[in-house]
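Student: Please read through the structure below; I'll follow up with questions.
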Amino acid sequence: MSRTSKIYACFISVIGITLGSYCVYQYFHTVFSYSDPKAELRQFGVLLLLYLICRCLPIYIRKDYAIDMSFICNLASILCKGPFASAAMVIIATPFVIVPTNSKDRTYDHFFNKPPIKTAFNAGNFTIAVFLAAVAYQKCGGDIKNISQPQNFIPAIVSIVTFFLLNCAILMFLFHLDKQVPFFSALFKNLYQFFPNILASAPIAYFLAKSMEIKNGEFLVILITLPLLLARYSFVLYLDVKQNFYNMLKTLTAALEAKDKYTEGHSHRVEDYAEMISRKLHCSLSEQDNIKVAALLHDVGKIGIDDEILNKPGPLTPEERKVIMTHPLISEAILENVKLNKKVRSAIRHHHERYDGGGYPDGTKRDEIGMEAYIIGVADAFDAMTSDRAYCASMPIERVARILQEESGKQFHPKAVSAFLEVLRERGYLQTGGQE
């Protein structure tokens, strides 16, 4: 982390933890003035337990990104308990959160092995977001004593927006200060990708809060939660099947490339480069997945090309070049009976098309095909030029970067080239600023 981002993280941590500690004091100081303090504490304890379970059972969408269902508990506490209880729940749960990592050795992240600043920042972020969301709910007319009133609908929406916007904005600003992402584009991307899911899960939070109005309703809350945990388990199984399918594709391409020392690992490198470009272009997670699958399979059709042509050390004849140019169509034919997204099929077929229309097999240009094909085209060309081949030696990255820049708007899509060159600069392969 940069010095500025550390100062910001410390600021958020101090504000959030101080606010949370005050809320803990206020909640337990006033809880015994309730008509039935034991029932109140039972309800708080159930919500706290469910929140902790949700935090400890994240779902990894990718290696470095996970989601959980803790927002449901946050919103339920906002609707039926108010600001102090909602913020107190976050602070009390923080030291007990144990999260499995997405690594093969099945390690865990917890309070004692995570950097203190990271734990403190996360606690501060969630505390500030949930407290101000609860305040917004009440300021807009929300009633925690009777959440069935129709007048609570608009305050609930305001509360959801406040929570999600604050939580994302605080985190994205940290990334912005640490020079990882541009603030507004990253914020809008998160809003676009995840806010619909947040809204869709809001009714579950309402039912949890509504159950708290019933005598001994905390036991009903536990029953409602069990199907949610089953749904989570089913989704994890789906992700496992998806990952196994992806691993099978990687094994397939590795086996196909193993017979040629010049192309061994090519598809995996193209996949890595294409993923870098797609992330820099702020593609959605589903778009990134499509691009990665297409990158792995983009050259599978070369299995149908004669090895003498593929590995020919000299220039190809016009007839041999025509044969090589059929490999995208062969790929499409091989994968005809495989269930793939239409965008994946299109990217595989069109990854040798040119932005100016001079490519193959269809001679498409500009926006006649999707961005996925252009991204793979840049990644494929970069790896081909920076790798030793039977017909030519590898080129220095600086020279390849100049070629990409010169062909931007001709062979390659300008946005894909610009994004990739920026990635190369960030990773230190190119000098920052100036012409490559």
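Residues are referred to by chain and number: the chain letter is A, B, ... according to the order shown in the structure tokens, the number counts from 1 in that chain, and ligands are numbered separately from 1 in the order shown.
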Write out as an MDAnalysis selection string the residues lying within 9 Å of region 363-369 of chain A, counting only C-alpha atoms and excluding same-chain residues fewer than 2 positions away.

Tutor: chainID A and resid 346:347 350 353:361 371:374 409 413

Student: So that I can check the surroundings of region 205-222 of chain A, please list as a ChimeraX atom specification every protein, DNA and RNA residue that reaches within 10 Å of it, counting only C-alpha atoms and ignoring chain neighbours fewer than 3 positions away.

Tutor: /A:39-40,42-47,49-50,71-81,144-148,156,201-202,225-227

Student: Could you tell me how far CA of Gln193 (chain A) sits from CA of Gly142 (chain A), in Å to one decimal place?

Tutor: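 Rounded to one decimal, the two atoms are 27.4 Å apart.
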
Student: May I have the residues within 10 Å of Ile348 (chain A) as an MDAnalysis selection string, using only C-alpha atoms and disregarding those fewer than 4 positions away in the same chain?

Tutor: chainID A and resid 291 293:301 327:329 331:332 335 342:344 352 372:373 376:377

Student: Excluding Val130 (chain A) and residues on its chain fewer than 4 positions from it, collect all residues at most 12 Å away from it, counting only C-alpha atoms, and give them as an MDAnalysis selection string.

Tutor: chainID A and resid 16 19:20 23 70:79 81:91 123:126 134:137 159:167

Student: Report the residues of region 59-290 of chain A whose backbone DSSP state falls under strand (DSSP E), written as a ChimeraX atom specification.

Tutor: /A:59-62,65-67,99-100,108-109

Student: If we count only C-alpha atoms, what is near Ala416 (chain A) at a cut-off of 7 Å, once residues fewer than 3 positions away on the same chain are taken out, given as an MDAnalysis selection string?

Tutor: chainID A and resid 277 374:375 378 413 419:420

Student: Based on the selection just made, write N, CA, C and O atoms of those residues as a short mmCIF file (atom, residue, chain, number, x, y, z; two decimals), in the first residue's frame.

Tutor:
data_model
loop_
_atom_site.label_atom_id
_atom_site.label_comp_id
_atom_site.auth_asym_id
_atom_site.auth_seq_id
_atom_site.Cartn_x
_atom_site.Cartn_y
_atom_site.Cartn_z
N ILE A 277 -6.17 -7.71 -20.29
CA ILE A 277 -6.81 -6.67 -21.12
C ILE A 277 -8.27 -6.49 -20.72
O ILE A 277 -8.75 -5.36 -20.58
N TYR A 374 -11.36 -9.15 -30.57
CA TYR A 374 -10.26 -8.19 -30.69
C TYR A 374 -9.28 -8.31 -29.53
O TYR A 374 -8.06 -8.16 -29.71
N ILE A 375 -9.80 -8.57 -28.34
CA ILE A 375 -8.93 -8.74 -27.18
C ILE A 375 -8.02 -9.96 -27.37
O ILE A 375 -6.81 -9.90 -27.14
N VAL A 378 -5.21 -9.29 -29.97
CA VAL A 378 -4.04 -8.58 -29.45
C VAL A 378 -3.19 -9.51 -28.60
O VAL A 378 -1.95 -9.55 -28.73
N HIS A 413 -7.87 -3.49 -32.52
CA HIS A 413 -8.82 -2.53 -31.96
C HIS A 413 -8.04 -1.55 -31.07
O HIS A 413 -7.28 -1.98 -30.18
N ALA A 419 -5.29 -0.61 -23.74
CA ALA A 419 -5.41 -1.27 -22.45
C ALA A 419 -4.22 -2.18 -22.18
O ALA A 419 -3.67 -2.20 -21.07
N PHE A 420 -3.79 -2.93 -23.20
CA PHE A 420 -2.68 -3.86 -23.00
C PHE A 420 -1.36 -3.13 -22.77
O PHE A 420 -0.57 -3.53 -21.91
#

Student: Could you check which of A:Pro95, A:Leu424, A:Asn337, A:Asp306 is closest to Ile324 (chain A), using only C-alpha atoms?

Tutor: A:Asp306

Student: List the neighbours of region 106-111 of chain A out to 8 Å using only C-alpha atoms; skip same-chain residues closer than 5 positions along the sequence, and give me the result as number ranges by chain.

Tutor: A: 94-101, 116, 119

Student: Output all heavy atoms for every residue in that selection, as a PDB file, in the first residue's frame.

Tutor:
ATOM      1  N   THR A  94     -16.534  -8.926  14.147  1.00  0.00           N
ATOM      2  CA  THR A  94     -15.259  -8.816  13.418  1.00  0.00           C
ATOM      3  C   THR A  94     -14.146  -9.723  13.942  1.00  0.00           C
ATOM      4  O   THR A  94     -13.493 -10.417  13.156  1.00  0.00           O
ATOM      5  CB  THR A  94     -14.789  -7.351  13.404  1.00  0.00           C
ATOM      6  OG1 THR A  94     -15.719  -6.563  12.654  1.00  0.00           O
ATOM      7  CG2 THR A  94     -13.410  -7.234  12.767  1.00  0.00           C
ATOM      8  N   PRO A  95     -13.874  -9.787  15.247  1.00  0.00           N
ATOM      9  CA  PRO A  95     -12.751 -10.630  15.716  1.00  0.00           C
ATOM     10  C   PRO A  95     -12.994 -12.124  15.515  1.00  0.00           C
ATOM     11  O   PRO A  95     -12.048 -12.915  15.582  1.00  0.00           O
ATOM     12  CB  PRO A  95     -12.658 -10.294  17.216  1.00  0.00           C
ATOM     13  CG  PRO A  95     -13.393  -9.020  17.392  1.00  0.00           C
ATOM     14  CD  PRO A  95     -14.475  -9.037  16.359  1.00  0.00           C
ATOM     15  N   PHE A  96     -14.237 -12.523  15.269  1.00  0.00           N
ATOM     16  CA  PHE A  96     -14.566 -13.950  15.196  1.00  0.00           C
ATOM     17  C   PHE A  96     -14.761 -14.443  13.758  1.00  0.00           C
ATOM     18  O   PHE A  96     -15.115 -15.607  13.556  1.00  0.00           O
ATOM     19  CB  PHE A  96     -15.844 -14.224  16.000  1.00  0.00           C
ATOM     20  CG  PHE A  96     -15.753 -13.779  17.424  1.00  0.00           C
ATOM     21  CD1 PHE A  96     -16.339 -12.587  17.833  1.00  0.00           C
ATOM     22  CD2 PHE A  96     -15.057 -14.528  18.368  1.00  0.00           C
ATOM     23  CE1 PHE A  96     -16.260 -12.153  19.148  1.00  0.00           C
ATOM     24  CE2 PHE A  96     -14.970 -14.105  19.686  1.00  0.00           C
ATOM     25  CZ  PHE A  96     -15.562 -12.913  20.077  1.00  0.00           C
ATOM     26  N   VAL A  97     -14.532 -13.580  12.790  1.00  0.00           N
ATOM     27  CA  VAL A  97     -14.708 -13.973  11.389  1.00  0.00           C
ATOM     28  C   VAL A  97     -13.513 -14.817  10.951  1.00  0.00           C
ATOM     29  O   VAL A  97     -12.366 -14.376  10.998  1.00  0.00           O
ATOM     30  CB  VAL A  97     -14.851 -12.734  10.478  1.00  0.00           C
ATOM     31  CG1 VAL A  97     -14.888 -13.163   9.012  1.00  0.00           C
ATOM     32  CG2 VAL A  97     -16.107 -11.951  10.835  1.00  0.00           C
ATOM     33  N   ILE A  98     -13.792 -16.042  10.520  1.00  0.00           N
ATOM     34  CA  ILE A  98     -12.775 -16.958  10.014  1.00  0.00           C
ATOM     35  C   ILE A  98     -13.180 -17.341   8.590  1.00  0.00           C
ATOM     36  O   ILE A  98     -14.192 -18.011   8.385  1.00  0.00           O
ATOM     37  CB  ILE A  98     -12.646 -18.213  10.896  1.00  0.00           C
ATOM     38  CG1 ILE A  98     -12.327 -17.819  12.339  1.00  0.00           C
ATOM     39  CG2 ILE A  98     -11.589 -19.155  10.349  1.00  0.00           C
ATOM     40  CD1 ILE A  98     -12.316 -18.997  13.294  1.00  0.00           C
ATOM     41  N   VAL A  99     -12.388 -16.912   7.622  1.00  0.00           N
ATOM     42  CA  VAL A  99     -12.754 -17.063   6.214  1.00  0.00           C
ATOM     43  C   VAL A  99     -11.806 -18.034   5.515  1.00  0.00           C
ATOM     44  O   VAL A  99     -10.587 -17.825   5.539  1.00  0.00           O
ATOM     45  CB  VAL A  99     -12.716 -15.699   5.487  1.00  0.00           C
ATOM     46  CG1 VAL A  99     -13.111 -15.866   4.025  1.00  0.00           C
ATOM     47  CG2 VAL A  99     -13.647 -14.709   6.176  1.00  0.00           C
ATOM     48  N   PRO A 100     -12.337 -19.099   4.905  1.00  0.00           N
ATOM     49  CA  PRO A 100     -11.455 -19.997   4.140  1.00  0.00           C
ATOM     50  C   PRO A 100     -10.939 -19.294   2.892  1.00  0.00           C
ATOM     51  O   PRO A 100     -11.677 -18.614   2.192  1.00  0.00           O
ATOM     52  CB  PRO A 100     -12.378 -21.169   3.777  1.00  0.00           C
ATOM     53  CG  PRO A 100     -13.764 -20.598   3.820  1.00  0.00           C
ATOM     54  CD  PRO A 100     -13.743 -19.544   4.881  1.00  0.00           C
ATOM     55  N   THR A 101      -9.647 -19.440   2.626  1.00  0.00           N
ATOM     56  CA  THR A 101      -9.069 -18.848   1.431  1.00  0.00           C
ATOM     57  C   THR A 101      -9.346 -19.743   0.226  1.00  0.00           C
ATOM     58  O   THR A 101      -9.719 -20.906   0.380  1.00  0.00           O
ATOM     59  CB  THR A 101      -7.556 -18.642   1.586  1.00  0.00           C
ATOM     60  OG1 THR A 101      -6.938 -19.929   1.776  1.00  0.00           O
ATOM     61  CG2 THR A 101      -7.261 -17.764   2.785  1.00  0.00           C
ATOM     62  N   PRO A 116      -3.285  -6.177  10.649  1.00  0.00           N
ATOM     63  CA  PRO A 116      -4.233  -5.427  11.488  1.00  0.00           C
ATOM     64  C   PRO A 116      -4.937  -4.301  10.733  1.00  0.00           C
ATOM     65  O   PRO A 116      -6.120  -4.049  10.952  1.00  0.00           O
ATOM     66  CB  PRO A 116      -3.359  -4.893  12.623  1.00  0.00           C
ATOM     67  CG  PRO A 116      -2.211  -5.846  12.688  1.00  0.00           C
ATOM     68  CD  PRO A 116      -1.961  -6.288  11.290  1.00  0.00           C
ATOM     69  N   THR A 119      -7.878  -5.727   8.697  1.00  0.00           N
ATOM     70  CA  THR A 119      -9.021  -6.062   9.546  1.00  0.00           C
ATOM     71  C   THR A 119      -9.721  -4.802  10.039  1.00  0.00           C
ATOM     72  O   THR A 119     -10.950  -4.704  10.014  1.00  0.00           O
ATOM     73  CB  THR A 119      -8.559  -6.902  10.747  1.00  0.00           C
ATOM     74  OG1 THR A 119      -7.942  -8.101  10.279  1.00  0.00           O
ATOM     75  CG2 THR A 119      -9.737  -7.265  11.637  1.00  0.00           C
TER      76      THR A 119
END

Student: Please indicate the distance in Å from CA of Ser33 (chain A) to CA of Asp143 (chain A), rounded to one decimal place.

Tutor: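 So the answer is 18.9 Å.
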
Student: So how far away is CA of Ile92 (chain A) from CA of Ile17 (chain A), in Å?

Tutor: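 So the answer is 10.5 Å.
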
Student: Out of region 5-171 of chain A, which residues get helix (DSSP H, G or I) from DSSP, as an MDAnalysis selection string?

Tutor: chainID A and resid 5:33 37:56 70:80 83:96 116:139 150:171

Student: Do you know which residues are at most 12 Å from Ile61 (chain A) counting only C-alpha atoms, after dropping those on the same chain fewer than 6 positions away, and could you put them as an NGL selection string?

Tutor: :A and (67-68 or 102 or 235-236 or 238-240 or 242-243 or 284-286 or 288-289)

Student: Would you write out those residues with N, CA, C and O atoms, as a short mmCIF file (atom, residue, chain, number, x, y, z; two decimals), in the first residue's frame?

Tutor:
data_model
loop_
_atom_site.label_atom_id
_atom_site.label_comp_id
_atom_site.auth_asym_id
_atom_site.auth_seq_id
_atom_site.Cartn_x
_atom_site.Cartn_y
_atom_site.Cartn_z
N ILE A 67 -17.97 -13.24 -2.53
CA ILE A 67 -19.17 -12.58 -2.04
C ILE A 67 -19.76 -13.42 -0.91
O ILE A 67 -19.47 -14.62 -0.81
N ASP A 68 -20.55 -12.79 -0.06
CA ASP A 68 -21.24 -13.55 0.97
C ASP A 68 -22.64 -12.97 1.15
O ASP A 68 -23.02 -12.00 0.48
N ASN A 102 -9.11 -19.19 -0.95
CA ASN A 102 -9.35 -19.95 -2.18
C ASN A 102 -8.08 -20.63 -2.66
O ASN A 102 -7.74 -20.59 -3.84
N PHE A 235 -25.07 -23.46 -5.09
CA PHE A 235 -24.33 -22.53 -5.95
C PHE A 235 -22.84 -22.86 -5.92
O PHE A 235 -22.16 -22.77 -6.95
N VAL A 236 -22.32 -23.26 -4.76
CA VAL A 236 -20.91 -23.65 -4.66
C VAL A 236 -20.65 -24.88 -5.53
O VAL A 236 -19.62 -24.97 -6.21
N TYR A 238 -22.27 -25.65 -8.23
CA TYR A 238 -22.28 -25.17 -9.61
C TYR A 238 -20.93 -24.55 -9.98
O TYR A 238 -20.39 -24.82 -11.06
N LEU A 239 -20.38 -23.74 -9.08
CA LEU A 239 -19.08 -23.12 -9.35
C LEU A 239 -17.98 -24.17 -9.46
O LEU A 239 -17.05 -24.03 -10.26
N ASP A 240 -18.08 -25.23 -8.64
CA ASP A 240 -17.09 -26.30 -8.72
C ASP A 240 -17.15 -27.01 -10.07
O ASP A 240 -16.11 -27.32 -10.67
N LYS A 242 -18.26 -25.72 -12.83
CA LYS A 242 -17.76 -24.75 -13.81
C LYS A 242 -16.24 -24.72 -13.80
O LYS A 242 -15.60 -24.68 -14.87
N GLN A 243 -15.63 -24.75 -12.61
CA GLN A 243 -14.17 -24.74 -12.51
C GLN A 243 -13.57 -26.02 -13.07
O GLN A 243 -12.52 -25.99 -13.73
N SER A 284 -17.22 -7.13 -17.48
CA SER A 284 -17.90 -7.80 -16.38
C SER A 284 -17.26 -9.16 -16.13
O SER A 284 -16.50 -9.68 -16.95
N LEU A 285 -17.58 -9.76 -14.98
CA LEU A 285 -17.01 -11.07 -14.64
C LEU A 285 -17.41 -12.12 -15.67
O LEU A 285 -16.60 -12.98 -16.03
N SER A 286 -18.65 -12.08 -16.12
CA SER A 286 -19.10 -13.06 -17.12
C SER A 286 -18.37 -12.85 -18.44
O SER A 286 -18.01 -13.82 -19.13
N GLN A 288 -15.35 -11.61 -18.75
CA GLN A 288 -13.99 -12.10 -18.53
C GLN A 288 -13.93 -13.62 -18.65
O GLN A 288 -12.99 -14.18 -19.23
N ASP A 289 -14.94 -14.30 -18.10
CA ASP A 289 -14.98 -15.76 -18.21
C ASP A 289 -15.08 -16.20 -19.66
O ASP A 289 -14.42 -17.15 -20.09
#
